[in-house]
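Asks: Before I ask anything, here is the structure I am working with.
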Amino acid sequence: MEGIQSHIEALIFTSEEPVTVKEIQKILVRLVGLELSKEEIESHVDILIQKFHEGEFAFEIVPLGGGYQFLSKPAYQNTVSEFLKSKLNKKLSTSQLETLAIIAYKQPISKPDVERIRGVNCDFVIQKLLEKELIAISGRSEEVGKPILYSTSEFFMNYFGINSVDDLPKLKDLEQANDNVIGVPSEN
């Protein structure tokens with residue numbers, strides 16, 4: 001049992017994506033020959049979370065996207081952000097942001113439905129969002145022609161720092177600059 005936390009820490013540190021409890025269990029069984037329950041794994045992870053939260057580290061372990069991942073602490077996010085600005089070419093245009101918001105809030109949704117909401121053709125925008133891995137194909141609709149359905153991806157969750165679409169701001173809480181609630185027509 002000695003060193004289990006170090007193995008778990010190494011797994012979380014190595015992964016570019018959140019590591020799930022099931023993934024940790026599989027690796028520990030395969031490499032160390034130790035079968036731990038979900039609760040035991042979570043207990044070890046909680047100890048690691050506390051260790052990095054209290055220590056003078058620039059990073060911490062955060063529950064994210066159904067797993068755990070090392071992220072920089074909020075106090076250092078500006079430093080990391082400045083460094084990554086030149087390296088990360090994930091800038092989103094207004095049309096991409098609009099389309100991504102529609103997909104995030106209405107998922108799973110077909111391209112024709114996105115186009116009905118936006119009022120313009122979305123072929124290029126959806127292709128770019130797929131290339132940036134912010135959305136993914138999640139199936140086919142039962143509608144005529146069986147159009148492809150799109151949903152947000154795991155990368156979307158990581159990119160925006162949320163665990164699930166339930167963490168998205170509620171539409172009623174968002175307001176436009178002219179104080180009209182988004183989705184509610186103005187009284188002109």
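If you're wondering about the labels, chains in the structure tokens are A, B, ... by order shown, residues count from 1 in each chain, ligands from 1 in order shown.
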Residues within 10 Å of region 45-52 of chain A, please, as a PyMOL selection string. Count only C-alpha atoms; anything in the same chain fewer than 6 positions from it doesn't count.
Replies: chain A and resi 5-6+8-9+12+21+39+58-63+68+70+73
Asks: Please save N, CA and C atoms of the selected residues as an mmCIF file, in the first residue's frame.
Replies:
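File written: part.cif
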data_model
loop_
_atom_site.group_PDB
_atom_site.id
_atom_site.type_symbol
_atom_site.label_atom_id
_atom_site.label_comp_id
_atom_site.auth_asym_id
_atom_site.auth_seq_id
_atom_site.Cartn_x
_atom_site.Cartn_y
_atom_site.Cartn_z
ATOM 1 N N GLN A 5 -0.173 6.708 -3.272
ATOM 2 C CA GLN A 5 -0.456 8.113 -3.586
ATOM 3 C C GLN A 5 0.520 8.647 -4.621
ATOM 4 N N SER A 6 1.758 8.219 -4.547
ATOM 5 C CA SER A 6 2.753 8.659 -5.533
ATOM 6 C C SER A 6 2.413 8.136 -6.919
ATOM 7 N N ILE A 8 -0.640 7.422 -7.970
ATOM 8 C CA ILE A 8 -1.822 8.182 -8.385
ATOM 9 C C ILE A 8 -1.409 9.584 -8.821
ATOM 10 N N GLU A 9 -0.551 10.213 -8.049
ATOM 11 C CA GLU A 9 -0.049 11.555 -8.388
ATOM 12 C C GLU A 9 0.646 11.539 -9.743
ATOM 13 N N ILE A 12 -1.965 11.312 -12.607
ATOM 14 C CA ILE A 12 -2.658 12.583 -12.826
ATOM 15 C C ILE A 12 -1.717 13.594 -13.467
ATOM 16 N N VAL A 21 -11.362 7.810 -11.963
ATOM 17 C CA VAL A 21 -11.098 6.809 -10.928
ATOM 18 C C VAL A 21 -10.942 5.434 -11.573
ATOM 19 N N GLU A 39 -13.929 4.269 -3.507
ATOM 20 C CA GLU A 39 -13.818 5.097 -2.297
ATOM 21 C C GLU A 39 -12.370 5.221 -1.833
ATOM 22 N N ALA A 58 2.540 25.951 -7.282
ATOM 23 C CA ALA A 58 1.864 26.838 -8.237
ATOM 24 C C ALA A 58 0.709 26.116 -8.926
ATOM 25 N N PHE A 59 0.521 24.855 -8.590
ATOM 26 C CA PHE A 59 -0.523 24.055 -9.218
ATOM 27 C C PHE A 59 -1.242 23.234 -8.158
ATOM 28 N N GLU A 60 -2.387 22.678 -8.560
ATOM 29 C CA GLU A 60 -3.181 21.861 -7.652
ATOM 30 C C GLU A 60 -3.933 20.803 -8.455
ATOM 31 N N ILE A 61 -4.461 19.796 -7.767
ATOM 32 C CA ILE A 61 -5.283 18.783 -8.419
ATOM 33 C C ILE A 61 -6.731 19.245 -8.317
ATOM 34 N N VAL A 62 -7.417 19.242 -9.478
ATOM 35 C CA VAL A 62 -8.789 19.752 -9.544
ATOM 36 C C VAL A 62 -9.697 18.688 -10.157
ATOM 37 N N PRO A 63 -10.887 18.458 -9.530
ATOM 38 C CA PRO A 63 -11.865 17.579 -10.181
ATOM 39 C C PRO A 63 -12.382 18.276 -11.437
ATOM 40 N N TYR A 68 -9.671 13.828 -12.613
ATOM 41 C CA TYR A 68 -8.802 14.742 -11.868
ATOM 42 C C TYR A 68 -7.657 15.175 -12.763
ATOM 43 N N PHE A 70 -4.119 18.117 -12.947
ATOM 44 C CA PHE A 70 -3.308 19.193 -12.383
ATOM 45 C C PHE A 70 -3.587 20.468 -13.173
ATOM 46 N N LYS A 73 -2.824 27.123 -10.006
ATOM 47 C CA LYS A 73 -3.687 27.774 -9.021
ATOM 48 C C LYS A 73 -4.119 29.128 -9.569
#
Asks: Quick one: pick out all helix (DSSP H, G or I) residues within region 65-158 of chain A from a backbone DSSP run and write them as a ChimeraX atom specification.
Replies: /A:74-85,94-106,111-118,123-131,154-158
Asks: CA of Ile24 (chain A) to CA of Glu133 (chain A): how many Å, to one decimal?
Replies: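 About the pair CA of Ile24 (chain A) and CA of Glu133 (chain A): they are 24.8 Å apart.
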Asks: Would you list the contacts of Asn158 (chain A) as number ranges by chain, taking every protein, DNA or RNA residue within 9 Å and counting only C-alpha atoms, but skipping same-chain residues closer than 6 positions in sequence?
Replies: A: 17-18, 64-65
Asks: Give the strand (DSSP E or B) residues of region 42-166 of chain A, as assigned by DSSP on the backbone, as a VMD selection string.
Replies: chain A and resid 59 to 64 67 to 72 109 to 110 135 to 140 148 to 152
Asks: For Gly139 (chain A), work out the shell of residues within 9 Å, counting only C-alpha atoms and skipping chain neighbours fewer than 4 positions away, then give it as a VMD selection string.
Replies: chain A and resid 108 147 to 150
Asks: With only C-alpha atoms as the counted atoms, please give the residues lying no more than 12 Å from region 112-116 of chain A, apart from itself and same-chain residues fewer than 6 positions off, as a ChimeraX atom specification.
Replies: /A:95-96,98-106,122-126,141,143-151
Asks: How about saving the chosen residues, C-alpha atoms kept, as a tab-separated table (two decimals), in the first residue's frame?
Replies:
chain	number	residue	atom	x	y	z
A	95	SER	CA	-19.71	33.31	-35.36
A	96	GLN	CA	-17.83	30.41	-33.78
A	98	GLU	CA	-22.40	32.00	-31.26
A	99	THR	CA	-22.53	28.54	-32.81
A	100	LEU	CA	-20.66	26.99	-29.89
A	101	ALA	CA	-23.09	28.58	-27.42
A	102	ILE	CA	-26.08	27.23	-29.35
A	103	ILE	CA	-24.59	23.74	-29.42
A	104	ALA	CA	-23.65	23.91	-25.73
A	105	TYR	CA	-27.13	24.92	-24.61
A	106	LYS	CA	-29.20	22.86	-27.07
A	122	CYS	CA	-22.97	27.14	-40.47
A	123	ASP	CA	-20.96	24.62	-42.56
A	124	PHE	CA	-17.63	26.40	-42.21
A	125	VAL	CA	-18.12	27.33	-38.55
A	126	ILE	CA	-19.07	23.79	-37.51
A	141	SER	CA	-31.20	12.53	-35.57
A	143	GLU	CA	-35.57	13.48	-38.44
A	144	VAL	CA	-35.88	13.19	-42.22
A	145	GLY	CA	-32.43	12.76	-43.75
A	146	LYS	CA	-31.00	11.67	-40.39
A	147	PRO	CA	-28.78	14.76	-39.91
A	148	ILE	CA	-25.66	14.50	-37.77
A	149	LEU	CA	-26.03	15.65	-34.16
A	150	TYR	CA	-23.36	17.75	-32.48
A	151	SER	CA	-22.52	18.12	-28.79
Asks: Which residue is closest to Gln69 (chain A)? Choose from A:Met157, A:Glu142, A:Thr20, A:Glu131 and count only C-alpha atoms.
Replies: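 That would be A:Thr20, the residue with the smallest distance to Gln69 (chain A).
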Asks: In Å to one decimal, how far is CA of Phe13 (chain A) from CA of Asn78 (chain A)?
Replies: 20.9 Å
Asks: May I ask for the distance between CA of Ser72 (chain A) and CA of Ile135 (chain A), given in Å to one decimal place?
Replies: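 So the answer is 24.6 Å.
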